[in-house]
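Chemist: Quick one: this structure, given as structure tokens, is what I'll be asking you about.
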Amino acid sequence: MSIPTSNTNPLLRAWYDKETRSIIVQIIAAALILAFFSFIINNAVVNLSNIGKDINFSFLWDDASYDINQHLIEYSSTSSHFRAMIVGLINTLLVAVAGIVLATILGFLLGVMRLSSNWLTQKIAYVYIEYMRNVPVLLHILLLHGLIVSSLPRPKGSYNFGDTFFLNNRGFQMPSPEFQSLFWVVSGFVVGGLAFAWWFSRHAQKVQDTTGKAYPVALINIAAIVLLPLAVYFILGSPIEWDVPALKGFNFKGGMVIRPEFIALWLALSLYTAAFIGEIVRAGIVAIDHGQTEAAQALGISNSRVLKLVVIPQALRVIIPPLTSQYLNLAKNSSLALAIGYMDIVATIGGISLNQTGREMECMLIVMGIYLAISLIISSGMNWYNNRMQLVER
């Protein structure tokens, strides 16, 4: 292709310039995307107007007129649709965060088990991973929920643990705390313990990198975060009163309950996602050159510390990007909660509120916006962590 001369049309010269052409293409692409969204938004507004509807979010302040069986904040049927949305959002975040934590722990264990030299351990992990990955997650949710509801006894025949905890097909009843005025002192010690643990972990790592001396970081951090606040708690006379559940009629009153819907959804999503994470961890460990392990073992380092200090830190650079996708999948798969009656954001504002108000466009925009925000927060956090774990080139 011949390069235009100075006498050529200036528009043609700009097109043949690489940087200018790149900017022009991006402007055209952005204009087409804006035009597309403008068209579909305008089309939606016109069609809604033709049937006597408009885009209006004032319904959020109307009474919801329905109950939610699990709520961590105060809620009743006279609360607004907006409060029902907040309750659903909290329930979604609760199962997503709890699922990510459990799936990560189980996934790393499965990944290490898949590389175990023990034949039985390796095959157990292999069979588990292949089974979980090849069965749809919705079936896991329905199966676990059915097992929990059908196998556990009714409230009158609950499994009793010291007249304090009760397990039945309506959930796991336990005492709920009622905090007294001095509890803020205990909270202060917990926050202080967390701050000390963060500082001490960094300090211990610097000392180990400089001198090779290893401190018992886990034990010291447990003492700072758990044992010291616990001692202060008893010294102050236990500034918490407990509301213990009691069987009254056909159900328990008082205390708090973990619903079987939450347990089934949490376990199903965690166990399902852990199978994928296990394969990601296995691939990340295998990607590390075996010479790294042999060099560490030649220095007399134990196998557990080789895995912790040599293999895993390098494998994380391979593990984190696909791990982010699994976290996103778990958060989005929580929308399947509607199948077992768990009241998440889809079941509340995207389900009952939508049906009661007829505001399908507004409700779906809210649900999509919330899931988009959750996904962007997870992606941003994992990208930040991934950048921290990257090799620093000299």
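In the structure tokens, each chain is lettered A, B, ... as it comes, each chain's residues begin at 1, and ligands are numbered from 1 in order of appearance.
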Can you list every residue in stretch 91-272 of chain A that DSSP puts in alpha helix (DSSP H), as a PyMOL selection string?
Modeler: chain A and resi 91-114+119-133+137-151+183-211+217-222+228-235+260-272
Chemist: When DSSP is applied to the backbone of this structure, which of stretch 114-319 of chain A are assigned strand (DSSP E or B)? Write them out as a PyMOL selection string.
Modeler: chain A and resi 159-161+165-168+171-174+176-179+240-243+246-248+251-253+256-258
Chemist: Provide the atom CA of A:Ile55 to atom CA of A:Gly88 distance in Å, to one decimal place.
Modeler: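 Between atom CA of A:Ile55 and atom CA of A:Gly88 the gap is 22.3 Å.
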Chemist: Under the rule that only C-alpha atoms are counted, which of A:Phe250, A:Phe262, A:Thr104, A:Val97 is the nearest residue to A:Gly171?
Modeler: A:Phe262
Chemist: Measuring between only C-alpha atoms, which one of A:Pro239, A:Pro245, A:Gly358, A:Pro10 shows the shortest distance to A:Gly162?
Modeler: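 Closest to A:Gly162, using only C-alpha atoms: A:Pro245.
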Chemist: For the contact check between stretch 345-392 of chain A and stretch 312-335 of chain A, emit one row per residue of stretch 345-392 of chain A within 8 Å, containing the shortest atom pair and the distance in Å rounded to one decimal, counting only C-alpha atoms, chain then rising number order, as a Markdown table.
Modeler:
```
| residue | atom | partner | partner_atom | distance |
| --- | --- | --- | --- | --- |
| A:Ile345 | CA | A:Ser335 | CA | 7.7 |
| A:Val346 | CA | A:Ser335 | CA | 6.1 |
| A:Tyr371 | CA | A:Lys332 | CA | 7.1 |
| A:Ile374 | CA | A:Ala331 | CA | 7.8 |
| A:Ser375 | CA | A:Leu328 | CA | 6.0 |
| A:Ile378 | CA | A:Leu328 | CA | 7.0 |
| A:Ser379 | CA | A:Thr324 | CA | 6.6 |
| A:Met382 | CA | A:Thr324 | CA | 6.2 |
| A:Asn383 | CA | A:Pro321 | CA | 8.0 |
| A:Asn386 | CA | A:Ile320 | CA | 6.3 |
| A:Met389 | CA | A:Arg317 | CA | 6.3 |
| A:Gln390 | CA | A:Arg317 | CA | 6.3 |
```
Chemist: Output C-alpha atoms of each residue in that selection to a file, as a compact mmCIF listing (two decimals), in the first residue's frame.
Modeler:
```txt
# COMPACT_ATOMS: atom_id res chain seq x y z
CA ILE A 345 -32.72 -9.50 45.14
CA VAL A 346 -34.31 -11.42 42.25
CA TYR A 371 -25.62 -7.40 39.68
CA ILE A 374 -21.48 -6.49 42.45
CA SER A 375 -19.54 -7.90 39.49
CA ILE A 378 -15.45 -8.23 42.66
CA SER A 379 -13.48 -7.63 39.46
CA MET A 382 -9.38 -9.16 42.32
CA ASN A 383 -7.58 -7.02 39.71
CA ASN A 386 -3.63 -9.60 40.98
CA MET A 389 0.97 -10.44 43.13
CA GLN A 390 2.65 -9.72 39.82
```
Chemist: Tell me, as a PyMOL selection string, which residues lie within 10 Å of stretch 139-145 of chain A, counting only C-alpha atoms; anything in the same chain fewer than 5 positions away does not count.
Modeler: chain A and resi 132+150-151+169+260-269+271-272+336-337+339-340
Chemist: Under the rule of at most 10 Å, produce a per-residue listing of stretch 260-303 of chain A near stretch 113-122 of chain A: chain, number, name, the closest pair of atoms, and the distance in Å, as a Markdown table, using only C-alpha atoms.
Modeler:
```
| residue | atom | partner | partner_atom | distance |
| --- | --- | --- | --- | --- |
| A:Gly278 | CA | A:Arg114 | CA | 8.0 |
| A:Glu279 | CA | A:Arg114 | CA | 8.2 |
| A:Val281 | CA | A:Arg114 | CA | 9.4 |
| A:Arg282 | CA | A:Arg114 | CA | 6.8 |
| A:Ala283 | CA | A:Leu115 | CA | 9.9 |
| A:Ile285 | CA | A:Leu115 | CA | 8.8 |
| A:Val286 | CA | A:Leu115 | CA | 8.6 |
```
Chemist: Quick one: of A:Val190, A:Leu152, A:Ser238, A:Leu138, who's nearest to A:Glu178, counting only C-alpha atoms?
Modeler: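 Closest residue, counting only C-alpha atoms: A:Ser238.
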Chemist: Pick the closest to A:Leu94 from A:Phe196, A:Tyr385, A:Phe59, A:Tyr342: which is it, counting only C-alpha atoms?
Modeler: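 Using only C-alpha atoms, A:Leu94 sits closest to A:Tyr342.
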Chemist: One decimal, in Å: what's the spacing between atom CA of A:Met256 and atom CA of A:Glu74?
Modeler: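 Between atom CA of A:Met256 and atom CA of A:Glu74 the gap is 13.1 Å.
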Chemist: So what do you get for atom CA of A:Val191 versus atom CA of A:Gln173, distance-wise?
Modeler: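 So the answer is 28.3 Å.
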Chemist: A:Val127, A:Ala204, A:Val185, A:Ile148: which is nearest A:Pro229, counting only C-alpha atoms?
Modeler: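 Using only C-alpha atoms, the shortest distance to A:Pro229 belongs to A:Val185.
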